[in-house]
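So the structure is just underneath, and the comments pick up after that.
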2 protein chains.
Amino acid sequence: MIQLYNYFRSSASYRVRIALELKGLSFDYIPVHLTRDGGEQFKPEYRKINPDALTPTFISDEGERLTQSLAIIEYLEEIKPEPALLPGTAIERAYIRSIALQISCEIHPLNNLRVLNYLTGTLSLDAQHKSTWYAHWVESGFASIEQKLNDDKRTGIFCFGDTPTVADICLVPQVFNAERMKVPLDHYPTIMRITTAARQLEAFARAEPSLQPDAF
Amino acid sequence: MIQLYNYFRSSASYRVRIALELKGLSFDYIPVHLTRDGGEQFKPEYRKINPDALTPTFISDEGERLTQSLAIIEYLEEIKPEPALLPGTAIERAYIRSIALQISCEIHPLNNLRVLNYLTGTLSLDAQHKSTWYAHWVESGFASIEQKLNDDKRTGIFCFGDTPTVADICLVPQVFNAERMKVPLDHYPTIMRITTAARQLEAFARAEPSLQPDAF
């Protein structure tokens with residue numbers, strides 16, 4: 001049985017949950033609470049499983065350990081190609097990956113918990129500066145993705161065509177995260193239309209943070 | 001002819017140059033100077049090519065445009081599988097990708113030019129705070145990667161075995177960047193041994209920032 005050490009609200013965990021659900025792979029959900037008791041990810045038991053103290057950690061059926069959500073999703077795509085999360089030609093797959101990476105490399109890393117903690121802790125920034133920082137990276141990234149989706153004829157019900165891909169798998173958790181941080185999203189109608197469509201799929205719905213066993 | 005809009009010192013540009021050199025694919029180098037005249041990436045001519053105002057932008061032989069260095073490298077791997085930059089089994093490829101992504105998602109996004117500009121501009125941080133921020137993300141990321149490489153029996157001359165992979169393609173530019181920012185790297189002997197080995201390969205040497213046409 002696949003095991004997933006994860007946290008209900010972590011975007012990277014959420015991405016992997018969606019991919020597992022889309023692939024129809026069942027998994028054992030092992031919660032790692034990132035804020036309780038100073039963070040369970042820092043405890044020696046979890047450090048043994050993942051020295052990076054990040055979520056998610058994926059354990060394959062064969063007991064092989066993997067980290068980094070996009071590496072895990074590429075692995076799932078290789079061992080269970082259908083339904084394809086990276087469909088199309090080489091150039092189309094690269095385009096899909098580029099949207100996933102734009103979210104994963106240009107938005108999310110700047111806004112995850114450890115970075116926000118550095119801003120308010122080490123740099124002593126107040127809540128207002130933290131919110132402005134957070135919104136800045138969401139807005140610059142989403143403005144660019146919105147334009148790309150509007151300009152590209154490959155955009156369909158989802159970011160690429162009419163079936164969900166790894167681009168949507170990254171987009172929906174980023175929207176969830178931005179909503180939670182109260183970033184206004186009405187300037188991104190295409191992003192929001194796609195997110196609404198994705199949320200109606202059972203796989204996305206089942207992966208929703210609020211439905212996870214560790215959600216409070 | 002492949003075209004690469006890039007900047008000699010940009011880590012993401014440098015990764016794609018190494019991959020192109022390893023694959024033996026020739027390309028037309030089109031410089032985009034990220035700091036001169038307020039940044040050539042912001043000029044309307046470049047925005048037409050890449051609205052994100054980031055480098056690199058890759059134009060395929062067929063005129064297809066791609067962004068995001070790892071998406072471009074995955075594309076190169078698909079159209080020219082040899083020499084393999086993602087060798088091995090599905091789980092091994094996922095492991096290689098996880099190192100590449102750890103650098104690309106956990107270190108580099110926090111330390112690129114636009115983020116450092118936000119710290120010193122919008123947040124008015126001084127040079128000392130900027131350096132501490134920079135070093136913090138390199139050190140936490142490199143400590144984890146160093147431990148991983150030391151613990152993993154798949155580590156060879158390079159991050160995975162004895163031929164360079166996408167992990168090394170991400171590692172070497174990150175080391176270059178950290179050296180330029182004067183982060184002490186003697187705590188990471190395995191990272192430095194691998195970097196030294198990689199730099200001796202012609203493909204890595206040819207992609208070095210100092211040898212590019214826009215280097216000053």
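All residue names refer to the structure tokens as shown: chains lettered A, B, ... in order, residues numbered from 1 in each chain, ligands numbered from 1 in order.
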
Once you count only C-alpha atoms, which residues of chain A turn out to be within 7 Å of chain B? Could you give them as a list of chain:residue names?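 Every residue of chain A that passes the 7 Å test is in A:Pro51, A:Asp52, A:Leu66, A:Thr67, A:Gln68, A:Ala71, A:Ile72, A:Glu74, A:Tyr75, A:Glu78, A:Ala90, A:Ile91, A:Ala94, A:Tyr95, A:Arg97, A:Ser98, A:Leu101, A:Gln102, A:Ser104, A:Cys105, A:Glu106, A:Pro109, A:Leu110, A:Ser144.
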
Got time to write the residues from that selection, C-alpha atoms, as an mmCIF file, in the first residue's frame?
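This is the output file out-v7.cif:
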```
data_model
loop_
_atom_site.group_PDB
_atom_site.id
_atom_site.type_symbol
_atom_site.label_atom_id
_atom_site.label_comp_id
_atom_site.auth_asym_id
_atom_site.auth_seq_id
_atom_site.Cartn_x
_atom_site.Cartn_y
_atom_site.Cartn_z
ATOM 1 C CA PRO A 51 15.414 14.791 6.747
ATOM 2 C CA ASP A 52 14.185 17.875 4.873
ATOM 3 C CA LEU A 66 10.275 9.861 -2.646
ATOM 4 C CA THR A 67 10.064 13.570 -1.930
ATOM 5 C CA GLN A 68 9.109 16.616 -4.023
ATOM 6 C CA ALA A 71 8.836 14.159 -8.863
ATOM 7 C CA ILE A 72 6.212 11.965 -7.169
ATOM 8 C CA GLU A 74 5.991 12.162 -12.670
ATOM 9 C CA TYR A 75 6.608 8.770 -11.021
ATOM 10 C CA GLU A 78 5.272 6.519 -15.369
ATOM 11 C CA ALA A 90 6.527 16.341 -26.379
ATOM 12 C CA ILE A 91 6.010 20.074 -26.900
ATOM 13 C CA ALA A 94 6.510 20.630 -21.961
ATOM 14 C CA TYR A 95 3.884 23.369 -22.092
ATOM 15 C CA ARG A 97 4.936 21.159 -17.258
ATOM 16 C CA SER A 98 5.816 24.835 -17.739
ATOM 17 C CA LEU A 101 6.551 24.676 -12.775
ATOM 18 C CA GLN A 102 5.583 28.331 -12.971
ATOM 19 C CA SER A 104 5.754 25.433 -8.197
ATOM 20 C CA CYS A 105 8.871 27.553 -8.767
ATOM 21 C CA GLU A 106 7.658 31.159 -9.060
ATOM 22 C CA PRO A 109 8.187 28.598 -2.811
ATOM 23 C CA LEU A 110 7.889 32.235 -1.814
ATOM 24 C CA SER A 144 1.054 35.853 -16.182
#
```

Can you check which parts of segment 106-151 of chain A lie within 12 Å of segment 23-47 of chain A? Per residue, the shortest pair of atoms and distance in Å to one decimal, counting only C-alpha atoms, sorted by chain and number, as JSON lines.
```
{"residue": "A:Asn112", "atom": "CA", "partner": "A:Leu34", "partner_atom": "CA", "distance": 11.1}
{"residue": "A:Leu113", "atom": "CA", "partner": "A:Leu34", "partner_atom": "CA", "distance": 8.5}
{"residue": "A:Arg114", "atom": "CA", "partner": "A:Leu34", "partner_atom": "CA", "distance": 9.9}
{"residue": "A:Asn117", "atom": "CA", "partner": "A:Thr35", "partner_atom": "CA", "distance": 11.0}
```

Just the number, please: distance in Å from atom CA of Pro83 of chain B to atom CA of Cys159 of chain B, one decimal. 15.8 Å

In chain B, DSSP strand (DSSP E) residues written as a PyMOL selection string: chain B and resi 2-6+27-31+57-59+65-67

How would the residues just picked look written out with C-alpha atoms as a CSV table (one decimal), in the first residue's frame?
```csv
chain,number,residue,atom,x,y,z
B,2,ILE,CA,17.0,26.3,-31.6
B,3,GLN,CA,17.0,29.8,-30.1
B,4,LEU,CA,17.7,30.4,-26.5
B,5,TYR,CA,16.9,33.8,-25.1
B,6,ASN,CA,19.1,33.8,-22.0
B,27,PHE,CA,21.6,26.8,-30.6
B,28,ASP,CA,21.5,30.4,-31.3
B,29,TYR,CA,22.4,32.4,-28.2
B,30,ILE,CA,20.2,35.6,-27.8
B,31,PRO,CA,21.3,37.6,-24.8
B,57,THR,CA,12.9,31.4,-23.3
B,58,PHE,CA,13.5,28.5,-25.6
B,59,ILE,CA,12.3,28.4,-29.3
B,65,ARG,CA,8.1,28.6,-27.6
B,66,LEU,CA,8.8,27.1,-24.1
B,67,THR,CA,9.6,28.6,-20.7
```

Tell me which protein, DNA and RNA residues are within 7 Å of segment 193-203 of chain B, counting only C-alpha atoms, leaving out same-chain ones fewer than 2 positions away, and put them as a list in words.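 After dropping sequence-adjacent residues, the list is Ile18, Glu21, Leu22, Ile157, Phe158, Cys159, Val172, Pro189, Thr190, Ile191, Ala205, Arg206 and Ala207 of chain B.
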
Could the residues in this selection be written to a file with N, CA, C and O atoms, as a short mmCIF file (atom, residue, chain, number, x, y, z; two decimals), in the first residue's frame?
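The result, stored in selection11.cif:
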```
data_model
loop_
_atom_site.label_atom_id
_atom_site.label_comp_id
_atom_site.auth_asym_id
_atom_site.auth_seq_id
_atom_site.Cartn_x
_atom_site.Cartn_y
_atom_site.Cartn_z
N ILE B 18 23.59 23.89 -20.25
CA ILE B 18 24.29 22.62 -19.97
C ILE B 18 23.56 21.46 -20.67
O ILE B 18 24.18 20.61 -21.32
N GLU B 21 24.17 21.43 -24.35
CA GLU B 21 25.55 20.99 -24.64
C GLU B 21 25.68 19.49 -24.44
O GLU B 21 26.31 18.79 -25.25
N LEU B 22 25.10 18.95 -23.36
CA LEU B 22 25.19 17.50 -23.13
C LEU B 22 24.49 16.72 -24.24
O LEU B 22 24.95 15.65 -24.65
N ILE B 157 30.18 9.41 -9.21
CA ILE B 157 30.96 10.60 -9.58
C ILE B 157 30.02 11.81 -9.57
O ILE B 157 30.40 12.90 -9.20
N PHE B 158 28.77 11.52 -9.98
CA PHE B 158 27.78 12.60 -10.01
C PHE B 158 26.66 12.31 -9.01
O PHE B 158 26.77 11.36 -8.24
N CYS B 159 25.63 13.12 -9.00
CA CYS B 159 24.55 12.95 -8.00
C CYS B 159 23.90 11.58 -8.09
O CYS B 159 23.48 11.02 -7.08
N VAL B 172 25.12 22.45 -10.34
CA VAL B 172 26.30 23.27 -10.70
C VAL B 172 25.96 24.76 -10.79
O VAL B 172 26.68 25.59 -10.21
N PRO B 189 31.22 18.86 1.22
CA PRO B 189 32.31 18.28 0.41
C PRO B 189 31.81 17.42 -0.75
O PRO B 189 32.44 17.41 -1.83
N THR B 190 30.68 16.73 -0.58
CA THR B 190 30.20 15.87 -1.67
C THR B 190 29.63 16.72 -2.80
O THR B 190 29.90 16.49 -3.98
N ILE B 191 28.87 17.74 -2.43
CA ILE B 191 28.36 18.68 -3.44
C ILE B 191 29.53 19.29 -4.21
O ILE B 191 29.49 19.38 -5.45
N ALA B 205 31.63 22.96 -19.03
CA ALA B 205 32.60 24.05 -19.18
C ALA B 205 32.11 25.06 -20.22
O ALA B 205 32.21 26.28 -20.02
N ARG B 206 31.56 24.56 -21.33
CA ARG B 206 31.10 25.46 -22.39
C ARG B 206 29.90 26.30 -21.96
O ARG B 206 29.66 27.38 -22.51
N ALA B 207 29.14 25.80 -20.99
CA ALA B 207 27.95 26.53 -20.54
C ALA B 207 28.25 27.55 -19.44
O ALA B 207 27.37 28.33 -19.06
#
```

Rounded to one decimal, what separation in Å do you get between atom CA of Arg154 of chain A and atom CA of Ala19 of chain A?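 A separation of 21.3 Å between them.
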
To one decimal place, how far is atom CA of Glu179 of chain B from atom CA of Gly161 of chain B in Å?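 One can read the atom CA of Glu179 of chain B to atom CA of Gly161 of chain B distance as 25.0 Å.
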
DSSP on the backbone, alpha helix (DSSP H) only: what residues of segment 87-117 of chain B does that give? Format it as a list in words.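 In segment 87-117 of chain B, DSSP puts these residues in alpha helix (DSSP H): Ala90, Ile91, Glu92, Arg93, Ala94, Tyr95, Ile96, Arg97, Ser98, Ile99, Ala100, Leu101, Leu113, Arg114, Val115, Leu116 and Asn117 of chain B.
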
Please write the residues from the selection above to a file, keeping C-alpha atoms, as a PDB file, in the first residue's frame.
```pdb
ATOM      1  CA  ALA B  90      10.905   5.069 -12.813  1.00  0.00           C
ATOM      2  CA  ILE B  91      11.848   5.297  -9.137  1.00  0.00           C
ATOM      3  CA  GLU B  92      15.421   6.295 -10.007  1.00  0.00           C
ATOM      4  CA  ARG B  93      14.235   8.977 -12.386  1.00  0.00           C
ATOM      5  CA  ALA B  94      11.913  10.263  -9.661  1.00  0.00           C
ATOM      6  CA  TYR B  95      14.857  10.383  -7.250  1.00  0.00           C
ATOM      7  CA  ILE B  96      16.948  12.352  -9.777  1.00  0.00           C
ATOM      8  CA  ARG B  97      14.029  14.723 -10.389  1.00  0.00           C
ATOM      9  CA  SER B  98      13.583  15.182  -6.640  1.00  0.00           C
ATOM     10  CA  ILE B  99      17.131  16.542  -6.281  1.00  0.00           C
ATOM     11  CA  ALA B 100      16.659  18.820  -9.289  1.00  0.00           C
ATOM     12  CA  LEU B 101      13.348  20.049  -7.850  1.00  0.00           C
ATOM     13  CA  LEU B 113      17.077  38.610  -8.804  1.00  0.00           C
ATOM     14  CA  ARG B 114      13.437  39.705  -8.541  1.00  0.00           C
ATOM     15  CA  VAL B 115      13.156  38.373  -4.973  1.00  0.00           C
ATOM     16  CA  LEU B 116      16.401  40.008  -3.845  1.00  0.00           C
ATOM     17  CA  ASN B 117      15.162  43.236  -5.452  1.00  0.00           C
TER      18      ASN B 117
END
```
